[in-house]
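So this one's work.cif, mmCIF, C-alpha atoms (C1' of nucleotides):
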data_upload
loop_
_atom_site.label_atom_id
_atom_site.label_comp_id
_atom_site.auth_asym_id
_atom_site.auth_seq_id
_atom_site.Cartn_x
_atom_site.Cartn_y
_atom_site.Cartn_z
CA MET A 1 98.43 23.88 58.88
CA ILE A 2 96.87 22.21 55.84
CA GLY A 3 94.52 24.47 53.89
CA THR A 4 90.88 23.99 53.07
CA LYS A 5 91.54 23.40 49.39
CA GLN A 6 94.10 20.68 50.10
CA LYS A 7 91.82 18.97 52.57
CA ILE A 8 89.05 18.87 49.99
CA LEU A 9 91.38 17.52 47.29
CA ASP A 10 92.80 14.80 49.51
CA THR A 11 89.42 13.70 50.80
CA ALA A 12 87.82 13.77 47.36
CA GLU A 13 90.64 11.70 45.89
CA ARG A 14 90.24 9.08 48.58
CA LEU A 15 86.47 8.89 48.31
CA PHE A 16 86.32 8.95 44.51
CA ALA A 17 88.81 6.09 44.39
CA LEU A 18 86.88 4.07 46.96
CA GLN A 19 83.31 4.70 45.85
CA GLY A 20 83.42 6.24 42.40
CA TYR A 21 82.47 9.72 41.28
CA ALA A 22 78.70 9.47 41.14
CA ALA A 23 78.44 7.57 44.41
CA THR A 24 80.41 10.19 46.31
CA SER A 25 78.32 13.18 47.35
CA MET A 26 79.77 16.59 47.98
CA ARG A 27 78.24 16.51 51.44
CA GLN A 28 80.22 13.39 52.28
CA ILE A 29 83.43 15.02 51.08
CA ILE A 30 82.96 18.18 53.11
CA SER A 31 81.86 16.21 56.13
CA GLU A 32 84.99 14.03 56.18
CA ALA A 33 87.22 16.95 55.28
CA GLY A 34 85.70 19.05 58.05
CA VAL A 35 84.90 22.03 55.84
CA ASN A 36 81.80 23.81 54.65
CA LEU A 37 79.75 22.80 51.64
CA ALA A 38 80.17 26.10 49.87
CA ALA A 39 83.96 25.81 50.11
CA ILE A 40 83.90 23.36 47.21
CA HIS A 41 82.17 25.88 45.01
CA TYR A 42 84.40 28.64 46.19
CA HIS A 43 87.63 26.77 45.42
CA PHE A 44 86.58 24.63 42.46
CA GLY A 45 83.28 25.89 41.06
CA SER A 46 81.50 22.55 40.78
CA LYS A 47 81.78 18.87 41.55
CA GLU A 48 83.02 18.17 38.02
CA GLU A 49 85.78 20.75 38.28
CA LEU A 50 86.81 19.24 41.59
CA LEU A 51 87.19 15.90 39.83
CA ASP A 52 89.17 17.68 37.16
CA GLU A 53 91.76 18.87 39.66
CA VAL A 54 91.86 15.55 41.46
CA VAL A 55 92.59 13.77 38.18
CA LEU A 56 95.17 16.36 37.16
CA ARG A 57 97.20 15.88 40.34
CA LYS A 58 97.49 12.16 39.65
CA ALA A 59 97.51 11.99 35.85
CA GLY A 60 99.97 14.84 35.39
CA PRO A 61 103.06 12.97 36.61
CA VAL A 62 102.03 9.80 34.77
CA ASN A 63 101.71 11.66 31.49
CA ALA A 64 105.02 13.43 32.02
CA GLU A 65 106.73 10.11 32.56
CA ARG A 66 105.06 8.70 29.48
CA LEU A 67 106.30 11.51 27.29
CA ALA A 68 109.82 11.23 28.65
CA ARG A 69 109.94 7.53 27.87
CA LEU A 70 108.41 8.05 24.47
CA GLU A 71 111.04 10.66 23.58
CA ALA A 72 113.76 8.21 24.52
CA ALA A 73 112.22 5.43 22.45
CA VAL A 74 111.70 7.54 19.34
CA ALA A 75 114.73 9.80 19.38
CA ASP A 76 117.47 7.25 18.88
CA GLY A 77 117.17 7.63 15.13
CA GLN A 78 116.02 4.15 14.25
CA THR A 79 112.49 2.97 13.54
CA PRO A 80 111.03 2.20 16.95
CA GLN A 81 109.54 -1.19 17.79
CA VAL A 82 105.83 -1.51 18.62
CA GLY A 83 106.71 -3.09 21.93
CA GLU A 84 108.97 -0.20 22.90
CA ILE A 85 106.27 2.37 22.28
CA LEU A 86 103.66 0.39 24.15
CA GLU A 87 106.09 0.02 27.03
CA ALA A 88 106.59 3.78 27.18
CA PHE A 89 102.86 4.34 27.30
CA LEU A 90 101.77 1.56 29.61
CA ARG A 91 104.51 1.19 32.17
CA PRO A 92 104.16 4.57 33.94
CA MET A 93 100.63 3.62 34.84
CA ALA A 94 101.74 0.43 36.49
CA ALA A 95 104.28 2.45 38.47
CA SER A 96 101.56 4.82 39.60
CA ALA A 97 99.37 1.87 40.54
CA SER A 98 102.01 0.53 42.87
CA GLN A 99 101.55 3.73 44.91
CA ASN A 100 97.78 3.95 44.82
CA GLU A 101 96.09 1.02 43.14
CA GLN A 102 92.63 2.18 44.04
CA PHE A 103 93.01 5.48 42.27
CA VAL A 104 94.40 3.95 39.10
CA ARG A 105 91.30 1.81 38.98
CA PHE A 106 89.25 4.92 39.38
CA MET A 107 91.02 6.61 36.48
CA GLY A 108 90.33 3.60 34.30
CA ARG A 109 86.69 4.02 35.13
CA VAL A 110 86.73 7.72 34.39
CA TYR A 111 88.04 6.90 30.94
CA ALA A 112 85.79 3.91 30.31
CA GLU A 113 82.64 5.62 31.48
CA GLY A 114 82.90 8.22 28.78
CA LEU A 115 80.87 10.42 31.04
CA LEU A 116 82.84 13.49 32.00
CA PRO A 117 84.14 13.71 28.40
CA HIS A 118 85.70 17.06 29.15
CA VAL A 119 87.91 15.55 31.83
CA VAL A 120 88.96 12.67 29.59
CA GLU A 121 89.67 14.97 26.70
CA LYS A 122 91.79 17.27 28.81
CA HIS A 123 93.94 14.78 30.71
CA PHE A 124 94.24 11.76 28.44
CA GLN A 125 94.09 12.96 24.85
CA PRO A 126 97.25 15.10 24.70
CA ALA A 127 99.58 12.31 25.78
CA LEU A 128 97.66 9.85 23.64
CA ALA A 129 98.16 12.02 20.56
CA ARG A 130 101.93 12.03 21.02
CA PHE A 131 101.91 8.33 21.61
CA ARG A 132 99.84 7.76 18.48
CA ASP A 133 102.46 9.54 16.42
CA GLY A 134 105.19 7.40 17.91
CA LEU A 135 103.32 4.22 17.24
CA ARG A 136 102.67 5.34 13.68
CA GLN A 137 106.41 5.41 13.08
CA ALA A 138 106.62 1.81 14.22
CA LEU A 139 103.77 0.79 11.89
CA PRO A 140 104.29 2.79 8.71
CA GLU A 141 102.53 0.32 6.42
CA LEU A 142 99.24 -0.05 8.26
CA PRO A 143 96.32 1.71 6.54
CA GLU A 144 95.30 4.84 8.42
CA GLN A 145 91.76 3.76 9.32
CA GLU A 146 92.97 0.40 10.52
CA PHE A 147 95.64 2.08 12.61
CA LEU A 148 93.22 4.51 14.21
CA TRP A 149 90.75 1.79 15.07
CA ARG A 150 93.51 -0.22 16.68
CA ILE A 151 94.40 2.73 18.87
CA HIS A 152 90.76 2.81 19.87
CA PHE A 153 90.76 -0.93 20.65
CA MET A 154 93.86 -0.49 22.73
CA MET A 155 92.36 2.30 24.80
CA GLY A 156 89.28 0.21 25.49
CA ALA A 157 91.32 -2.76 26.60
CA LEU A 158 93.56 -0.54 28.69
CA ALA A 159 90.78 1.30 30.47
CA HIS A 160 88.93 -1.91 31.18
CA THR A 161 92.10 -3.54 32.44
CA MET A 162 92.83 -0.71 34.80
CA CYS A 163 89.32 -0.67 36.24
CA GLY A 164 88.98 -4.20 37.35
CA ALA A 165 89.77 -5.49 40.78
CA PRO A 166 91.29 -8.97 40.57
CA GLU A 167 88.63 -10.41 42.87
CA SER A 168 85.87 -9.38 40.54
CA LEU A 169 87.72 -10.90 37.60
CA GLN A 170 88.26 -14.31 39.14
CA LEU A 171 91.89 -13.78 38.26
CA LEU A 172 93.69 -14.49 41.47
CA GLY A 173 97.13 -15.46 42.67
CA VAL A 174 100.47 -13.90 41.92
CA SER A 175 99.26 -12.63 38.59
CA ALA A 176 96.95 -10.02 40.04
CA GLY A 177 99.40 -7.11 40.23
CA PHE A 178 99.46 -4.21 37.84
CA GLN A 179 102.97 -4.92 36.57
CA ASP A 180 101.84 -8.35 35.55
CA ARG A 181 98.67 -7.06 33.92
CA ILE A 182 100.65 -4.60 31.87
CA ASP A 183 103.02 -7.36 30.72
CA ARG A 184 100.13 -9.45 29.53
CA LEU A 185 98.38 -6.51 27.93
CA LYS A 186 101.56 -5.56 26.08
CA ARG A 187 101.90 -9.03 24.58
CA PHE A 188 98.27 -8.97 23.51
CA LEU A 189 98.36 -5.48 22.01
CA SER A 190 101.71 -5.95 20.31
CA ALA A 191 100.35 -8.89 18.37
CA GLY A 192 97.12 -7.08 17.58
CA PHE A 193 98.89 -4.01 16.23
CA ARG A 194 101.25 -6.06 14.11
CA ALA A 195 98.49 -8.12 12.51
CA GLU A 196 97.89 -7.88 8.79
CA GLY A 197 95.75 -4.82 8.02
CA GLU A 198 92.57 -4.50 5.98
CA MET B 199 45.64 -0.14 22.84
CA ILE B 200 49.25 -0.23 24.02
CA GLY B 201 49.65 -0.74 27.76
CA THR B 202 51.33 1.49 30.30
CA LYS B 203 54.22 -0.90 30.84
CA GLN B 204 54.99 -1.12 27.11
CA LYS B 205 54.85 2.63 26.72
CA ILE B 206 57.34 3.04 29.56
CA LEU B 207 59.68 0.41 28.11
CA ASP B 208 59.63 1.91 24.62
CA THR B 209 60.15 5.45 25.81
CA ALA B 210 62.90 4.47 28.25
CA GLU B 211 64.74 2.54 25.56
CA ARG B 212 64.68 5.50 23.23
CA LEU B 213 65.78 8.02 25.85
CA PHE B 214 68.47 5.83 27.42
CA ALA B 215 69.96 5.25 23.97
CA LEU B 216 69.89 8.94 23.14
CA GLN B 217 70.99 10.46 26.43
CA GLY B 218 72.40 7.68 28.58
CA TYR B 219 71.04 6.21 31.78
CA ALA B 220 72.08 8.81 34.33
CA ALA B 221 71.10 11.74 32.14
CA THR B 222 67.57 10.41 31.65
CA SER B 223 65.25 11.21 34.54
CA MET B 224 62.21 9.16 35.38
CA ARG B 225 60.16 12.32 35.11
CA GLN B 226 61.22 12.76 31.50
CA ILE B 227 60.31 9.18 30.70
CA ILE B 228 56.84 9.39 32.20
CA SER B 229 56.25 12.76 30.63
CA GLU B 230 57.03 11.55 27.11
CA ALA B 231 55.25 8.25 27.65
CA GLY B 232 52.17 10.05 28.97
CA VAL B 233 51.93 8.07 32.18
CA ASN B 234 52.26 8.77 35.89
CA LEU B 235 55.51 8.85 37.83
CA ALA B 236 54.45 6.15 40.25
CA ALA B 237 53.68 3.80 37.34
CA ILE B 238 57.39 3.11 36.91
CA HIS B 239 57.68 1.98 40.48
CA TYR B 240 54.51 -0.02 40.22
CA HIS B 241 55.60 -1.92 37.09
CA PHE B 242 59.35 -2.12 37.61
CA GLY B 243 60.22 -1.24 41.19
CA SER B 244 63.03 1.20 40.49
CA LYS B 245 64.86 3.01 37.73
CA GLU B 246 67.58 0.37 37.76
CA GLU B 247 65.10 -2.47 37.30
CA LEU B 248 63.55 -0.58 34.43
CA LEU B 249 66.97 -0.48 32.78
CA ASP B 250 67.27 -4.17 33.45
CA GLU B 251 64.14 -4.95 31.45
CA VAL B 252 65.07 -2.56 28.68
CA VAL B 253 68.44 -4.26 28.29
CA LEU B 254 66.90 -7.72 28.43
CA ARG B 255 64.54 -7.00 25.55
CA LYS B 256 67.46 -6.07 23.32
CA ALA B 257 70.28 -8.27 24.60
CA GLY B 258 68.19 -11.42 24.76
CA PRO B 259 67.94 -11.99 20.98
CA VAL B 260 71.60 -11.04 20.47
CA ASN B 261 72.75 -13.58 23.03
CA ALA B 262 70.49 -16.27 21.56
CA GLU B 263 71.99 -15.68 18.14
CA ARG B 264 75.49 -15.80 19.62
CA LEU B 265 74.89 -19.14 21.24
CA ALA B 266 73.40 -20.61 18.07
CA ARG B 267 76.44 -19.57 16.04
CA LEU B 268 78.80 -20.80 18.70
CA GLU B 269 77.15 -24.22 18.72
CA ALA B 270 77.57 -24.44 14.98
CA ALA B 271 81.24 -23.46 15.16
CA VAL B 272 82.12 -25.86 17.95
CA ALA B 273 79.94 -28.87 17.15
CA ASP B 274 81.47 -29.94 13.86
CA GLY B 275 83.93 -32.16 15.66
CA GLN B 276 87.13 -30.40 14.71
CA THR B 277 89.14 -27.96 16.78
CA PRO B 278 87.54 -24.58 16.10
CA GLN B 279 89.52 -21.63 14.81
CA VAL B 280 89.92 -18.49 16.93
CA GLY B 281 88.45 -16.40 14.13
CA GLU B 282 85.35 -18.59 13.92
CA ILE B 283 84.61 -18.25 17.61
CA LEU B 284 85.15 -14.51 17.56
CA GLU B 285 82.87 -14.25 14.56
CA ALA B 286 80.12 -16.10 16.41
CA PHE B 287 80.42 -13.76 19.35
CA LEU B 288 80.87 -10.44 17.60
CA ARG B 289 78.74 -10.61 14.47
CA PRO B 290 75.29 -10.76 16.10
CA MET B 291 76.02 -7.42 17.69
CA ALA B 292 76.77 -5.82 14.37
CA ALA B 293 73.50 -7.21 13.05
CA SER B 294 71.65 -5.70 15.99
CA ALA B 295 73.43 -2.41 15.40
CA SER B 296 72.12 -2.22 11.86
CA GLN B 297 68.61 -2.06 13.35
CA ASN B 298 69.28 0.33 16.20
CA GLU B 299 72.79 1.72 16.23
CA GLN B 300 72.09 4.10 19.06
CA PHE B 301 71.03 1.39 21.42
CA VAL B 302 74.03 -0.81 20.69
CA ARG B 303 76.19 2.14 21.64
CA PHE B 304 74.22 2.45 24.82
CA MET B 305 74.78 -1.20 25.68
CA GLY B 306 78.49 -0.76 25.15
CA ARG B 307 78.36 2.04 27.64
CA VAL B 308 76.39 -0.01 30.14
CA TYR B 309 79.12 -2.61 30.01
CA ALA B 310 82.04 -0.21 30.03
CA GLU B 311 80.71 1.92 32.82
CA GLY B 312 80.83 -0.96 35.23
CA LEU B 313 78.16 0.85 37.14
CA LEU B 314 75.01 -1.24 37.30
CA PRO B 315 77.16 -4.36 37.80
CA HIS B 316 74.06 -6.40 38.49
CA VAL B 317 72.70 -5.64 35.03
CA VAL B 318 76.00 -6.48 33.36
CA GLU B 319 76.38 -9.68 35.31
CA LYS B 320 72.90 -10.83 34.46
CA HIS B 321 72.76 -10.09 30.74
CA PHE B 322 76.34 -10.39 29.52
CA GLN B 323 78.11 -12.95 31.68
CA PRO B 324 76.12 -16.11 30.79
CA ALA B 325 76.75 -15.84 27.05
CA LEU B 326 80.34 -14.80 27.71
CA ALA B 327 80.94 -17.90 29.81
CA ARG B 328 79.84 -20.20 26.98
CA PHE B 329 81.94 -18.25 24.54
CA ARG B 330 84.96 -18.49 26.80
CA ASP B 331 84.69 -22.25 26.79
CA GLY B 332 84.52 -22.29 23.02
CA LEU B 333 87.54 -20.06 22.67
CA ARG B 334 89.40 -22.24 25.13
CA GLN B 335 89.05 -25.15 22.74
CA ALA B 336 90.63 -23.08 20.01
CA LEU B 337 93.53 -22.11 22.27
CA PRO B 338 94.33 -25.23 24.28
CA GLU B 339 97.98 -24.36 24.89
CA LEU B 340 97.59 -20.87 26.31
CA PRO B 341 98.23 -20.68 30.09
CA GLU B 342 94.98 -20.20 31.99
CA GLN B 343 95.79 -16.80 33.52
CA GLU B 344 96.98 -15.48 30.19
CA PHE B 345 93.83 -16.75 28.54
CA LEU B 346 91.51 -15.16 31.13
CA TRP B 347 93.25 -11.83 30.91
CA ARG B 348 92.93 -11.86 27.15
CA ILE B 349 89.18 -12.42 27.50
CA HIS B 350 89.18 -9.39 29.73
CA PHE B 351 91.15 -7.32 27.20
CA MET B 352 88.73 -8.37 24.50
CA MET B 353 85.69 -7.29 26.49
CA GLY B 354 87.25 -3.91 27.13
CA ALA B 355 88.06 -3.35 23.48
CA LEU B 356 84.61 -4.56 22.47
CA ALA B 357 82.67 -2.39 24.88
CA HIS B 358 84.73 0.66 24.00
CA THR B 359 84.28 -0.04 20.30
CA MET B 360 80.55 -0.32 20.61
CA CYS B 361 80.21 2.90 22.58
CA GLY B 362 81.85 5.31 20.26
CA ALA B 363 80.14 7.38 17.64
CA PRO B 364 82.35 7.73 14.56
CA GLU B 365 82.23 11.51 14.74
CA SER B 366 83.72 11.52 18.19
CA LEU B 367 86.45 9.14 17.07
CA GLN B 368 87.58 11.17 14.07
CA LEU B 369 87.12 7.96 12.13
CA LEU B 370 84.99 8.99 9.24
CA GLY B 371 84.10 7.78 5.77
CA VAL B 372 82.95 4.39 4.63
CA SER B 373 84.66 2.69 7.51
CA ALA B 374 82.30 4.00 10.14
CA GLY B 375 79.70 1.23 10.10
CA PHE B 376 79.43 -1.47 12.69
CA GLN B 377 80.08 -4.32 10.24
CA ASP B 378 83.36 -2.71 9.36
CA ARG B 379 84.28 -2.09 12.98
CA ILE B 380 83.67 -5.70 13.83
CA ASP B 381 85.85 -6.83 10.93
CA ARG B 382 88.71 -4.70 12.15
CA LEU B 383 88.21 -5.73 15.75
CA LYS B 384 88.22 -9.38 14.76
CA ARG B 385 91.57 -9.03 12.99
CA PHE B 386 93.03 -7.26 16.00
CA LEU B 387 91.72 -9.70 18.58
CA SER B 388 92.57 -12.80 16.55
CA ALA B 389 96.19 -11.79 16.47
CA GLY B 390 96.18 -10.86 20.14
CA PHE B 391 94.71 -14.17 21.23
CA ARG B 392 97.11 -16.17 19.11
CA ALA B 393 100.19 -14.38 20.41
CA GLU B 394 102.79 -16.32 22.36
CA GLY B 395 101.70 -16.62 26.01
CA GLU B 396 103.59 -15.82 29.20
"C1'" DG C 397 89.95 36.80 49.99
"C1'" DT C 398 87.82 32.93 52.80
"C1'" DC C 399 84.41 30.75 54.72
"C1'" DT C 400 79.47 29.87 56.84
"C1'" DA C 401 74.50 29.46 56.86
"C1'" DT C 402 70.74 28.75 54.38
"C1'" DA C 403 67.66 28.36 50.51
"C1'" DC C 404 66.53 26.62 45.73
"C1'" DT C 405 65.64 23.08 42.21
"C1'" DG C 406 65.29 18.55 40.61
"C1'" DA C 407 66.25 13.69 41.41
"C1'" DG C 408 64.36 8.80 42.98
"C1'" DA C 409 61.33 6.71 46.19
"C1'" DT C 410 56.96 5.78 48.86
"C1'" DA C 411 52.22 5.79 51.28
"C1'" DG C 412 47.71 5.84 50.76
"C1'" DA C 413 43.30 7.40 48.39
"C1'" DC C 414 40.52 6.02 44.54
"C1'" DG D 415 46.16 -0.32 38.32
"C1'" DT D 416 46.59 4.44 38.73
"C1'" DC D 417 47.40 8.97 40.68
"C1'" DT D 418 48.33 12.73 44.17
"C1'" DA D 419 51.09 14.30 47.63
"C1'" DT D 420 55.10 14.11 50.03
"C1'" DC D 421 59.81 12.59 51.72
"C1'" DT D 422 64.78 12.59 51.46
"C1'" DC D 423 68.87 13.68 49.37
"C1'" DA D 424 71.53 15.32 45.57
"C1'" DG D 425 74.17 19.52 43.29
"C1'" DT D 426 73.95 24.38 43.08
"C1'" DA D 427 73.57 29.42 44.23
"C1'" DT D 428 73.76 33.47 47.08
"C1'" DA D 429 73.99 36.74 51.03
"C1'" DG D 430 76.72 38.09 54.28
"C1'" DA D 431 80.16 37.32 58.44
"C1'" DC D 432 85.10 37.56 59.30
#

Let me see whether you can do it: turn the structure in this file into structure tokens.
Amino acid sequence: MIGTKQKILDTAERLFALQGYAATSMRQIISEAGVNLAAIHYHFGSKEELLDEVVLRKAGPVNAERLARLEAAVADGQTPQVGEILEAFLRPMAASASQNEQFVRFMGRVYAEGLLPHVVEKHFQPALARFRDGLRQALPELPEQEFLWRIHFMMGALAHTMCGAPESLQLLGVSAGFQDRIDRLKRFLSAGFRAEGE
Amino acid sequence: MIGTKQKILDTAERLFALQGYAATSMRQIISEAGVNLAAIHYHFGSKEELLDEVVLRKAGPVNAERLARLEAAVADGQTPQVGEILEAFLRPMAASASQNEQFVRFMGRVYAEGLLPHVVEKHFQPALARFRDGLRQALPELPEQEFLWRIHFMMGALAHTMCGAPESLQLLGVSAGFQDRIDRLKRFLSAGFRAEGE
DNA sequence: GTCTATACTGAGATAGAC
DNA sequence: GTCTATCTCAGTATAGAC
């Protein structure tokens, strides 16, 4: 028998991915999950904390995979290549998208919205910080401010790229998949990061 | 004597910029504007349409300036440079930011959020379409899908760059201004667009 | 410890009097 | 054009049953 908490998490994940966070009411979640309204507050405390746990379940494995790949890219002793580091950071997301594309889009939106800053801070920043250090090794000569801004540009492009459904982008055909998007994004970002600074 | 509609527009602009769209209630707007709640519905129809008019007032001049610069860059007969086209698109925003930095941040958020798609579509897409054509002339050899995705990456980086307050980015010092941001973004995007395709 | 029923506050929207 | 009153629905909080 599946517990109340699990039912809420599963239903919330599905509805958030389909409709977005704001557009999904707690009453819709509990109705489709077949539980009582107060159960959300009992198990999670608030709607925002429910989102927090939903994101954690999905983002946790992605971030773990990112860190594992990053370790491998950095630890071989040599100066890592920009493309290698980007690959370590971007590819796990494409893998996750092949399981649940809708939810990856949702996570892109969570990041891009900048609302729920606590959720973003908690689930995205730690892995990003490690990644930033790795990328710094690959770009030792870039001035610090320029480097930090480029990280910021990258995150904007990444979040926006995750969000979009191909239909809405008028980008159709075989190139619509996440693997393909990540390939294109990597080419774009690699060149941007390696541009002359200041 | 300033009319009710103007008072609502001015107050809404200020509060949206300060607090965001969702966090600003219609009751707060009418309270600070000194008008009645129903006046918003009478003059605008809904909260979303009020946002629409607030955005139009600010984005209209920026887009006009963009188009004027784009014409100048494209119409001199020669193949335009990527950097020129980007300059025409990005610089007017920095100029607008020097007047009202808070509201430019808010517009970045409106775009990034992807909520209010109708507002985004209406006020950002037309100028973007013209700009895309101009950039296409500067990059005639890039495969179409690659080109369109790079436009998408650019818009993500741009929106995210506009949103952020320097404090929250840990990017302090002289480099925090919008002119400087745009310079850095232009370097980054120029290199990205000119990278080898596919 | 878990869950249900119900009430509270504040949001956007609307009808109709003036 | 403007304002009052009211409607519906959101997230939240609590008392109490099992």

What are the nearest atom pairs, with distances in Å to one decimal, for all residues of chain C that come at most 12 Å from chain A, using all atoms listed in the file, set out by chain and rising residue number as a tab-separated table?
residue	atom	partner	partner_atom	distance
C:DG397	C1'	A:Tyr42	CA	10.6
C:DT398	C1'	A:Ala39	CA	8.5
C:DC399	C1'	A:Ala39	CA	6.8
C:DT400	C1'	A:Asn36	CA	6.9
C:DA401	C1'	A:Asn36	CA	9.5
C:DT402	C1'	A:Ala38	CA	10.8

Report, in Å to a single decimal, how far apart atom CA of B:Gln377 and atom CA of B:Leu248 are. 29.5 Å

Which residues fall under the PyMOL selection byres ((chain A) within 6 of (chain B)) in this file, as a CSV table (one decimal) with C-alpha atoms, in the frame of the given file?
chain,number,residue,atom,x,y,z
A,112,ALA,CA,85.8,3.9,30.3
A,113,GLU,CA,82.6,5.6,31.5
A,153,PHE,CA,90.8,-0.9,20.6
A,156,GLY,CA,89.3,0.2,25.5
A,157,ALA,CA,91.3,-2.8,26.6
A,160,HIS,CA,88.9,-1.9,31.2
A,188,PHE,CA,98.3,-9.0,23.5
A,191,ALA,CA,100.4,-8.9,18.4
A,192,GLY,CA,97.1,-7.1,17.6
A,195,ALA,CA,98.5,-8.1,12.5

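Nearest-residue note for B:Glu211: choosing from B:His239, B:Arg255, B:Arg225, B:Arg267, the minimum distance belongs to B:Arg255, counting all atoms listed in the file.
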
Would you kindly return, as a PyMOL selection string, each protein, DNA or RNA residue with an atom no farther than 12 Å from any atom of C:DC414, considering all atoms listed in the file and excluding same-chain residues fewer than 5 positions away? chain D and resi 415-418

Could you write out as a PyMOL selection string the residues of chain D within 12 Å of chain A, counting all atoms listed in the file? chain D and resi 423-428

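Here atom CA of B:Glu299 and atom CA of B:Thr209 stand 16.3 Å from one another.
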
Using atom C1' of C:DA407 and atom CA of B:Ala231 as the two end points, give the distance in Å to one decimal. 18.4 Å

Find the spatial neighbours of A:Leu18, counting only C-alpha atoms (C1' of nucleotides), within a cut-off of 10 Å - ignore same-chain residues fewer than 5 positions away - and output them as an NGL selection string. :A and (12-13 or 23-24 or 102-103 or 105-106)

Could you write out that same residue set with C-alpha atoms as a short mmCIF file (atom, residue, chain, number, x, y, z; two decimals), in the frame of the given file?
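Ended up saving to again20.cif:
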data_model
loop_
_atom_site.label_atom_id
_atom_site.label_comp_id
_atom_site.auth_asym_id
_atom_site.auth_seq_id
_atom_site.Cartn_x
_atom_site.Cartn_y
_atom_site.Cartn_z
CA ALA A 12 87.82 13.77 47.36
CA GLU A 13 90.64 11.70 45.89
CA ALA A 23 78.44 7.57 44.41
CA THR A 24 80.41 10.19 46.31
CA GLN A 102 92.63 2.18 44.04
CA PHE A 103 93.01 5.48 42.27
CA ARG A 105 91.30 1.81 38.98
CA PHE A 106 89.25 4.92 39.38
#

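With the shown file loaded, the PyMOL selection byres ((chain C and resi 411) around 9) picks out DT410 and DG412 of chain C; DT420 of chain D.
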
Just C-alpha atoms (C1' of nucleotides) for this one: save the residues we selected as a tab-separated table (two decimals), in the frame of the given file.
chain	number	residue	atom	x	y	z
C	410	DT	C1'	56.96	5.78	48.86
C	412	DG	C1'	47.71	5.84	50.76
D	420	DT	C1'	55.10	14.11	50.03

Please write the residues picked by the PyMOL selection byres ((chain A and resi 139) around 9) on this file as number ranges by chain. A: 80-82, 135-138, 140-142, 147, 193-194

Restricting it to C-alpha atoms, dump the selection as a tab-separated table (two decimals), in the frame of the given file.
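Dumped to again.tsv:
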chain	number	residue	atom	x	y	z
A	80	PRO	CA	111.03	2.20	16.95
A	81	GLN	CA	109.54	-1.19	17.79
A	82	VAL	CA	105.83	-1.51	18.62
A	135	LEU	CA	103.32	4.22	17.24
A	136	ARG	CA	102.67	5.34	13.68
A	137	GLN	CA	106.41	5.41	13.08
A	138	ALA	CA	106.62	1.81	14.22
A	140	PRO	CA	104.29	2.79	8.71
A	141	GLU	CA	102.53	0.32	6.42
A	142	LEU	CA	99.24	-0.05	8.26
A	147	PHE	CA	95.64	2.08	12.61
A	193	PHE	CA	98.89	-4.01	16.23
A	194	ARG	CA	101.25	-6.06	14.11

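Summary of the local environment: counting all atoms listed in the file, residues at most 10 Å from B:Ala270, other than itself and those fewer than 6 positions away along its chain, are Glu282, Ile283 and Ala286 of chain B.
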
Write the residues of the preceding selection, restricted to C-alpha atoms, as a PDB file, keeping the file's coordinate frame.
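And here's again_24.pdb as it stands now:
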ATOM      1  CA  GLU B 282      85.350 -18.590  13.920  1.00  0.00           C
ATOM      2  CA  ILE B 283      84.610 -18.250  17.610  1.00  0.00           C
ATOM      3  CA  ALA B 286      80.120 -16.100  16.410  1.00  0.00           C
TER       4      ALA B 286
END

Can you report as JSON the centre and edge lengths in Å, to one decimal, of an axis-aligned box around the listed atoms of stretch 294-309 of chain B padded with 3 Å on each side?
{"center_x": 73.9, "center_y": -0.8, "center_z": 21.0, "size_x": 16.5, "size_y": 15.8, "size_z": 24.3}
